[in-house]
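Okay, so here's the structure we're looking at.
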Amino acid sequence: MRVHPAGPRSGELAHDGVHSGPPQDLNELDPVVWPLGAGRSGAGHLTLRGHDVRDLVAEHGTPVFLLDEADLRRRCRDYRDAFGGAMVFYAAKAFLCTAVARWVEEEGLGLDVCTGGELEVAVRAGFPGDRLLLHGNNKSVAELSAALDAGVGRVVVDSLTEIDRLSQLCVQRGMTQRVLVRATVGVEAHTHEFIATAHEDQKFGFSLAGGDALDAVRRVLDAPGLDLVGLHSHIGSQIFDSGGFEVAAHRVVGLMAQVRDELGAGLTELNLGGGLGIAYVSGDDPADVVEMGRSLARIVERECTAYGLPVPRLAIEPGRGIVGPGTVTVYEVGTVKPVEGLRTFVSVDGGMSDNIRTALYDADYTVVLASRASEAPAMLSRVVGKHCESGDVVVKDAWLPADVGGGDLLAVAATGAYCRSMASTYNHVPRPPVVAVTEAGSRVLVRRETVDDLLVLDIE
Ligand SMILES: *Cc1c(COP(=O)(O)O)cnc(C)c1O
């Protein structure tokens with residue numbers, strides 16, 4: 001069953017490159033796409049929390065990730081409020097540094113980490129262990145030990161090997177660890193549609209349909225040192241409505257009922273994972289967080305009532321929804337190359353090393369001329385990077401003013417999630433800094449990498 005077929009949305013470019021036409025005003029900032037603190041100055045320069053990007057760039061250079069701190073904090077609060085008593089764990093993989101870990105903590109959220117590295121950032125930030133949740137399909141003994149040392153509140157177990165390993169470690173330490181079992185429910189959501197009969201042919205979790213999930217639950221219940229508190233399911237990313245969650249909740253609550261009926265165990269937590277979508281281009285229409293919170297609570301309640309189960313405590317793990325919208329990447333234009341009758345290639349001083357999502361997922365982004373206003377006509381452009389790779393594309397199809405040229409600044413919206421965190425040093429291009437911007441000013445959270453940083457590793 002394929003639900004919500006994804007046709008080209010309004011304002012979106014079809015993938016054959018044909019476009020419905022340029023926007024009315026190239027200088028306009030669609031508020032669904034840009035950070036809450038973004039605007040244009042009287043002179044037409046892009047501003048963030050009242051600071052001119054030209055000044056921010058003069059101070060911090062390009063390319064640069066500019067993070068609207070108030071935007072991120074506001075989204076943390078929106079999630080916390082919208083999901084009421086639910087536990088909200090920010091998914092660190094979207095972007096993590098110690099400052100962001102502290103903000104998330106201050107805003108009352110938990111943190112979902114999935115490697116020893118992410119865990120270490122949380123520990124260094126002083127994140128309370130009991131609000132941490134550890135994921136991962138291949139957690140090493142060292143990672144599990146570090147998690148126990150940090151006192152993580154929950155471990156989401158993903159394999160039988162892990163269950164045995166973790167149990168052994170807990171017994172050695174004479175302690176009990178709360179765990180959830182990750183079930184693969186056969187729902188796959190991505191880019192605005194979901195498939196309810198997706199193959200459970202993936203590396204994560206225990207297959208529900210195949211009975212592996214029930215076996216894993218049995219194994220945990222029998223394992224000394226482990227306290228099974230609930231089940232986990234994560235169905236994908238960029239989800240725009242509750243349809244996929246509805247099917248997932250139906251199946252996973254069904255498993256809870258089976259656990260009660262066949263194993264006599266009551267589970268008190270249900271974690272529905274992350275994946276709530278955000279707008280990257282005008283016309284993207286993700287569900288409102290409050291609406292989503294209400295629907296998920298309602299769906300779980302209804303499913304539990306149907307099975308005569310007490311309603312478990314709901315948990316979710318938003319990553320993109322918290323850090324995605326508040327950050328913009330600012331680049332400087334270098335060269336411009338028109339290809340007659342097709343498009344103009346606009347090259348910037350970063351590329352696939354700071355944003356791999358376009359190459360990896362064919363992702364769409366919104367880009368504007370940021371350093372000035374322009375009345376020039378719209379020009380169909382492809383914003384590309386500086387790497388030795390023809391797939392090095394930042395924005396595949398964009399309308400930019402025809403007078404764009406070397407020295408201009410371009411800003412790409414909604415780059416807070418999975419850009420800096422997935423950044424590479426391909427071609428020995430150092431990774432850009434992350435700069436927090438507030439009304440009071442700007443401060444570097446993660447400094448710019450240098451070629452010397454890269455050469456530190458080169459020890460011959
Ligand atoms: C990636 C992931 C998330 C976060 O996904 P977003 O799309 O960023 O919200 C949450 N939970 C798990 C298990 C994940 O793998």
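Residues in the structure tokens are named by chain (A, B, ... in the order shown) and by number from 1 within that chain; ligands are numbered from 1 in the order shown.
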
Apply DSSP to the structure's backbone, then extract all residues of stretch 198-263 of chain A labelled helix (DSSP H, G or I) and return them as an NGL selection string. :A and (212-222 or 243-263)

Write out as a PDB file with C-alpha atoms, in the first residue's frame each polymer residue (protein, DNA or RNA) that has an atom no more than 10 Å from ligand 1, with only C-alpha atoms and all ligand atoms counted.
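Output (part_4.pdb):
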ATOM      1  CA  PHE A  89      14.445  13.232  23.280  1.00  0.00           C
ATOM      2  CA  TYR A  90      16.318  15.492  20.870  1.00  0.00           C
ATOM      3  CA  ALA A  91      18.071  13.276  18.275  1.00  0.00           C
ATOM      4  CA  ALA A  92      21.681  14.395  18.580  1.00  0.00           C
ATOM      5  CA  LYS A  93      22.748  13.036  15.213  1.00  0.00           C
ATOM      6  CA  ALA A  94      20.968  15.944  13.473  1.00  0.00           C
ATOM      7  CA  PHE A  95      23.550  18.300  15.001  1.00  0.00           C
ATOM      8  CA  ASP A 112      19.072  10.623  22.087  1.00  0.00           C
ATOM      9  CA  VAL A 113      22.670   9.648  21.282  1.00  0.00           C
ATOM     10  CA  CYS A 114      23.751   6.755  19.106  1.00  0.00           C
ATOM     11  CA  LEU A 134      21.256   5.309  23.722  1.00  0.00           C
ATOM     12  CA  HIS A 135      20.555   3.990  20.237  1.00  0.00           C
ATOM     13  CA  GLY A 136      22.616   2.055  17.742  1.00  0.00           C
ATOM     14  CA  ASN A 137      22.523  -1.213  15.828  1.00  0.00           C
ATOM     15  CA  VAL A 156      17.223   0.893  23.085  1.00  0.00           C
ATOM     16  CA  ARG A 182      13.428  -1.568  18.945  1.00  0.00           C
ATOM     17  CA  ALA A 189       8.295   6.994   5.697  1.00  0.00           C
ATOM     18  CA  HIS A 190      10.290   9.473   3.720  1.00  0.00           C
ATOM     19  CA  PHE A 204      17.820  -1.671  12.447  1.00  0.00           C
ATOM     20  CA  GLY A 205      15.620  -3.392  14.969  1.00  0.00           C
ATOM     21  CA  HIS A 232      10.558   1.630  20.250  1.00  0.00           C
ATOM     22  CA  SER A 233       9.737   2.217  16.597  1.00  0.00           C
ATOM     23  CA  HIS A 234      11.240   4.716  14.157  1.00  0.00           C
ATOM     24  CA  ILE A 235       9.715   4.841  10.699  1.00  0.00           C
ATOM     25  CA  GLY A 236      11.763   7.381   8.756  1.00  0.00           C
ATOM     26  CA  SER A 237      12.201  11.071   8.161  1.00  0.00           C
ATOM     27  CA  GLN A 238      10.590  14.175   6.674  1.00  0.00           C
ATOM     28  CA  ILE A 239       7.139  12.936   7.722  1.00  0.00           C
ATOM     29  CA  ASN A 271       8.750   5.538  21.836  1.00  0.00           C
ATOM     30  CA  LEU A 272       7.601   6.406  18.310  1.00  0.00           C
ATOM     31  CA  GLY A 273      10.970   7.717  17.153  1.00  0.00           C
ATOM     32  CA  GLY A 274      11.686  10.859  15.176  1.00  0.00           C
ATOM     33  CA  GLY A 275      11.108  11.978  11.644  1.00  0.00           C
ATOM     34  CA  LEU A 276       8.752  14.936  11.891  1.00  0.00           C
ATOM     35  CA  GLY A 277       9.303  16.991   8.762  1.00  0.00           C
ATOM     36  CA  ILE A 278      10.219  20.614   8.165  1.00  0.00           C
ATOM     37  CA  ILE A 316       9.429  10.914  20.579  1.00  0.00           C
ATOM     38  CA  GLU A 317      12.840  11.775  19.171  1.00  0.00           C
ATOM     39  CA  PRO A 318      12.756  14.817  16.891  1.00  0.00           C
ATOM     40  CA  GLY A 319      16.092  15.841  15.366  1.00  0.00           C
ATOM     41  CA  ARG A 320      15.506  17.841  12.197  1.00  0.00           C
ATOM     42  CA  GLY A 321      12.364  19.453  13.617  1.00  0.00           C
ATOM     43  CA  ILE A 322      14.403  21.065  16.382  1.00  0.00           C
ATOM     44  CA  VAL A 323      17.668  22.131  14.731  1.00  0.00           C
ATOM     45  CA  GLY A 324      16.815  22.178  11.038  1.00  0.00           C
ATOM     46  CA  ALA A 417      20.103  19.325  10.496  1.00  0.00           C
ATOM     47  CA  TYR A 418      22.360  16.753   8.850  1.00  0.00           C
TER      48      TYR A 418
END

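Using only C-alpha atoms for every distance, the candidate list A:Val33, A:Val444, A:Ala183, A:Leu26 yields A:Val33 as the residue closest to A:Asp285.
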
Near stretch 330-351 of chain A, 6 Å: stretch 38-65 of chain A residue rows, closest pairs, only C-alpha atoms, as a tab-separated table:
residue	atom	partner	partner_atom	distance
A:Thr62	CA	A:Tyr331	CA	5.4
A:Pro63	CA	A:Tyr331	CA	4.5
A:Val64	CA	A:Val330	CA	5.4

Which neighbours of stretch 248-263 of chain A fall inside 9 Å, counting only C-alpha atoms, when residues of the same chain fewer than 5 positions from it are skipped, and could you give them as a PyMOL selection string? chain A and resi 183-187+196+208+213-214+217-218+221+230-235+243+270+272+296+299-300+303-304+307-309

Can you spit out the residues from that selection as a compact mmCIF listing (two decimals), in the first residue's frame, using N, CA, C and O atoms?
# COMPACT_ATOMS: atom_id res chain seq x y z
N ALA A 183 11.55 -2.25 17.63
CA ALA A 183 10.81 -3.11 16.71
C ALA A 183 10.81 -2.48 15.32
O ALA A 183 10.67 -1.27 15.18
N THR A 184 10.96 -3.31 14.31
CA THR A 184 10.85 -2.84 12.93
C THR A 184 9.44 -3.22 12.48
O THR A 184 9.12 -4.41 12.38
N VAL A 185 8.63 -2.17 12.25
CA VAL A 185 7.19 -2.44 12.08
C VAL A 185 6.74 -2.51 10.63
O VAL A 185 5.56 -2.67 10.36
N GLY A 186 7.67 -2.39 9.69
CA GLY A 186 7.29 -2.52 8.29
C GLY A 186 6.57 -1.30 7.74
O GLY A 186 5.80 -1.39 6.80
N VAL A 187 6.85 -0.14 8.35
CA VAL A 187 6.34 1.12 7.80
C VAL A 187 7.57 1.94 7.47
O VAL A 187 8.48 2.04 8.28
N ALA A 196 3.32 1.20 3.89
CA ALA A 196 2.93 0.43 5.08
C ALA A 196 3.37 -1.02 5.00
O ALA A 196 3.31 -1.75 5.97
N LEU A 208 8.95 -7.20 13.52
CA LEU A 208 7.72 -7.48 14.26
C LEU A 208 6.95 -8.62 13.61
O LEU A 208 6.57 -9.59 14.26
N ALA A 213 10.78 -9.63 17.18
CA ALA A 213 10.60 -8.62 18.23
C ALA A 213 10.09 -9.28 19.51
O ALA A 213 10.56 -8.98 20.61
N LEU A 214 9.14 -10.20 19.35
CA LEU A 214 8.61 -10.90 20.54
C LEU A 214 9.71 -11.74 21.19
O LEU A 214 9.84 -11.78 22.42
N VAL A 217 11.95 -9.49 23.16
CA VAL A 217 11.31 -9.10 24.42
C VAL A 217 11.47 -10.22 25.45
O VAL A 217 11.83 -9.98 26.61
N ARG A 218 11.24 -11.45 24.99
CA ARG A 218 11.38 -12.61 25.88
C ARG A 218 12.81 -12.68 26.42
O ARG A 218 13.03 -12.85 27.62
N LEU A 221 13.38 -10.02 29.02
CA LEU A 221 12.69 -10.34 30.28
C LEU A 221 13.46 -11.40 31.08
O LEU A 221 13.47 -11.38 32.31
N GLY A 230 9.75 -0.71 27.74
CA GLY A 230 8.86 -0.42 26.63
C GLY A 230 9.41 -0.82 25.28
O GLY A 230 10.40 -1.53 25.17
N LEU A 231 8.71 -0.32 24.26
CA LEU A 231 9.06 -0.63 22.87
C LEU A 231 9.37 0.66 22.14
O LEU A 231 8.92 1.74 22.50
N HIS A 232 10.15 0.49 21.07
CA HIS A 232 10.56 1.63 20.25
C HIS A 232 10.30 1.32 18.79
O HIS A 232 10.48 0.19 18.34
N SER A 233 9.90 2.35 18.04
CA SER A 233 9.74 2.22 16.60
C SER A 233 10.10 3.55 15.95
O SER A 233 9.71 4.61 16.45
N HIS A 234 10.88 3.49 14.90
CA HIS A 234 11.24 4.72 14.16
C HIS A 234 10.99 4.42 12.69
O HIS A 234 11.53 3.46 12.15
N ILE A 235 10.16 5.23 12.04
CA ILE A 235 9.72 4.84 10.70
C ILE A 235 10.37 5.62 9.56
O ILE A 235 10.19 5.27 8.41
N GLY A 243 -0.18 9.84 9.32
CA GLY A 243 -0.60 8.57 8.73
C GLY A 243 0.34 7.40 8.99
O GLY A 243 -0.08 6.30 9.36
N LEU A 270 6.22 3.88 25.30
CA LEU A 270 6.15 3.65 23.85
C LEU A 270 6.86 4.82 23.17
O LEU A 270 6.40 5.96 23.24
N LEU A 272 7.94 6.46 19.74
CA LEU A 272 7.60 6.41 18.31
C LEU A 272 8.68 7.01 17.42
O LEU A 272 8.45 7.25 16.23
N LEU A 296 -0.82 12.05 17.71
CA LEU A 296 -0.09 10.86 18.16
C LEU A 296 -0.65 10.36 19.49
O LEU A 296 -0.85 9.16 19.67
N ILE A 299 -3.97 8.68 18.76
CA ILE A 299 -3.81 7.39 18.07
C ILE A 299 -3.40 6.30 19.08
O ILE A 299 -3.98 5.21 19.10
N VAL A 300 -2.40 6.63 19.91
CA VAL A 300 -1.91 5.63 20.87
C VAL A 300 -3.01 5.27 21.87
O VAL A 300 -3.22 4.10 22.20
N GLU A 303 -5.57 2.98 20.14
CA GLU A 303 -5.05 1.63 19.94
C GLU A 303 -5.00 0.86 21.25
O GLU A 303 -5.31 -0.33 21.31
N CYS A 304 -4.60 1.55 22.33
CA CYS A 304 -4.52 0.88 23.63
C CYS A 304 -5.90 0.49 24.14
O CYS A 304 -6.09 -0.60 24.67
N TYR A 307 -7.08 -2.63 22.60
CA TYR A 307 -6.45 -3.85 23.13
C TYR A 307 -6.65 -4.01 24.63
O TYR A 307 -6.12 -4.93 25.24
N GLY A 308 -7.36 -3.06 25.24
CA GLY A 308 -7.55 -3.10 26.69
C GLY A 308 -6.24 -2.94 27.46
O GLY A 308 -6.05 -3.53 28.51
N LEU A 309 -5.36 -2.12 26.91
CA LEU A 309 -4.07 -1.88 27.57
C LEU A 309 -4.07 -0.52 28.25
O LEU A 309 -4.68 0.42 27.73

Between atom CA of A:Glu291 and atom CA of A:Arg77 lies a distance of 14.7 Å

List every residue of stretch 3-246 of chain A that DSSP, applied to the backbone of this structure, places in strand (DSSP E), and write the result as a PyMOL selection string. chain A and resi 3+38-40+46-48+51-52+64-68+87-91+110-113+132-134+154-157+177-184+188-190+193-195+206-207+226-232

Could you list, as a ChimeraX atom specification, every residue within 7 Å of stretch 388-405 of chain A, counting only C-alpha atoms and ignoring same-chain residues fewer than 2 positions away? /A:13,17,22,26,333,335-336,351-352,355,358-359,364-365,367-369,374,376-386,407-408
